[in-house]
Amino acid sequence: MADGKAIFNRIIGVLAEKDLKRLNMCKAIGIKSQNITNIKKSIPAADTAIKIADYLRVSVKWLITGEDEISFTQNERILLDGFRQLDSRDQGDVLGIVEMKLENAKRGDILSSSANA
């Protein structure tokens, strides 16, 4: 069951982790700062939860329940958050690097397995 205080703590935690200000978030998503404080006492409305989750770049499910739909390591979260901040050209560059690294890893596996044969 969703708990307002836990939701509030997740919001505050992500804001701190990303060095974001609560007031800036509230202005950006069009809610009053007091609305965030009120979350301690009651679960936010769906539209507010969606706006907060989008702003914080977290899933609504995680915001409400603390559970991810997919479990990410800390490095994966950092990578994904950074990737989302890039423009589409830079995202393409990052994907190219990842594909190159994967190809190199595959070649390394092929070379090591043929050496062991």
# chains A, B, ... in the order shown; residues from 1 in each chain; ligands from 1
call {"tool": "select_by_dssp", "arguments": {"residues": "chain A", "states": "helix (DSSP H, G or I)", "output": "PyMOL selection string"}}
result
chain A and resi 4-17+22-29+33-38+46-56+60-65+74-85+88-116
call {"tool": "closest_atom_pairs", "arguments": {"of": "segment 30-116 of chain A", "to": "segment 5-22 of chain A", "cutoff": "6 Å", "atoms": "only C-alpha atoms", "output": "tab-separated table"}}
result
residue	atom	partner	partner_atom	distance
A:Ile39	CA	A:Phe8	CA	5.8
A:Lys40	CA	A:Lys5	CA	4.1
A:Ile64	CA	A:Ile7	CA	5.8
call {"tool": "closest_residue", "arguments": {"among": "A:Gly4, A:Cys26, A:Arg89, A:Leu102", "to": "Asn38 of chain A", "atoms": "only C-alpha atoms"}}
result
A:Gly4
call {"tool": "atom_distance", "arguments": {"atom1": "atom CA of Val94 of chain A", "atom2": "atom CA of Gly66 of chain A"}}
result
29.1 Å
call {"tool": "residues_around", "arguments": {"residues": "segment 81-88 of chain A", "least_positions_apart": "6", "cutoff": "10 Å", "atoms": "only C-alpha atoms", "output": "number ranges by chain"}}
result
A: 18, 56-58, 75, 94-95
call {"tool": "write_last_selection", "arguments": {"atoms": "N, CA and C atoms", "output": "PDB file, in the first residue's frame"}}
result
ATOM      1  N   LYS A  18      20.132  14.512  -6.937  1.00  0.00           N
ATOM      2  CA  LYS A  18      20.359  15.198  -8.212  1.00  0.00           C
ATOM      3  C   LYS A  18      20.664  16.677  -8.033  1.00  0.00           C
ATOM      4  N   LEU A  56      11.525  14.316 -12.046  1.00  0.00           N
ATOM      5  CA  LEU A  56      12.635  13.645 -11.367  1.00  0.00           C
ATOM      6  C   LEU A  56      13.257  12.530 -12.206  1.00  0.00           C
ATOM      7  N   ARG A  57      12.610  12.198 -13.316  1.00  0.00           N
ATOM      8  CA  ARG A  57      13.060  11.129 -14.209  1.00  0.00           C
ATOM      9  C   ARG A  57      13.090   9.780 -13.479  1.00  0.00           C
ATOM     10  N   VAL A  58      11.990   9.515 -12.803  1.00  0.00           N
ATOM     11  CA  VAL A  58      11.788   8.218 -12.149  1.00  0.00           C
ATOM     12  C   VAL A  58      10.445   7.676 -12.622  1.00  0.00           C
ATOM     13  N   ASN A  75      25.090   2.412 -10.983  1.00  0.00           N
ATOM     14  CA  ASN A  75      25.760   2.822 -12.219  1.00  0.00           C
ATOM     15  C   ASN A  75      24.787   2.889 -13.392  1.00  0.00           C
ATOM     16  N   VAL A  94      26.690   7.942 -28.064  1.00  0.00           N
ATOM     17  CA  VAL A  94      26.814   7.013 -26.932  1.00  0.00           C
ATOM     18  C   VAL A  94      26.399   5.611 -27.356  1.00  0.00           C
ATOM     19  N   LEU A  95      25.302   5.502 -28.101  1.00  0.00           N
ATOM     20  CA  LEU A  95      24.865   4.185 -28.569  1.00  0.00           C
ATOM     21  C   LEU A  95      25.914   3.542 -29.470  1.00  0.00           C
TER      22      LEU A  95
END
call {"tool": "closest_residue", "arguments": {"among": "A:Lys51, A:Lys27, A:Lys61, A:Lys32", "to": "Ala2 of chain A", "atoms": "only C-alpha atoms"}}
result
A:Lys61
call {"tool": "atom_distance", "arguments": {"atom1": "atom CA of Pro44 of chain A", "atom2": "atom CA of Ser71 of chain A"}}
result
23.9 Å
call {"tool": "atom_distance", "arguments": {"atom1": "atom CA of Leu63 of chain A", "atom2": "atom CA of Ser42 of chain A"}}
result
13.7 Å
call {"tool": "closest_residue", "arguments": {"among": "A:Asp3, A:Ser33, A:Val60, A:Glu99", "to": "Ala46 of chain A", "atoms": "only C-alpha atoms"}}
result
A:Val60
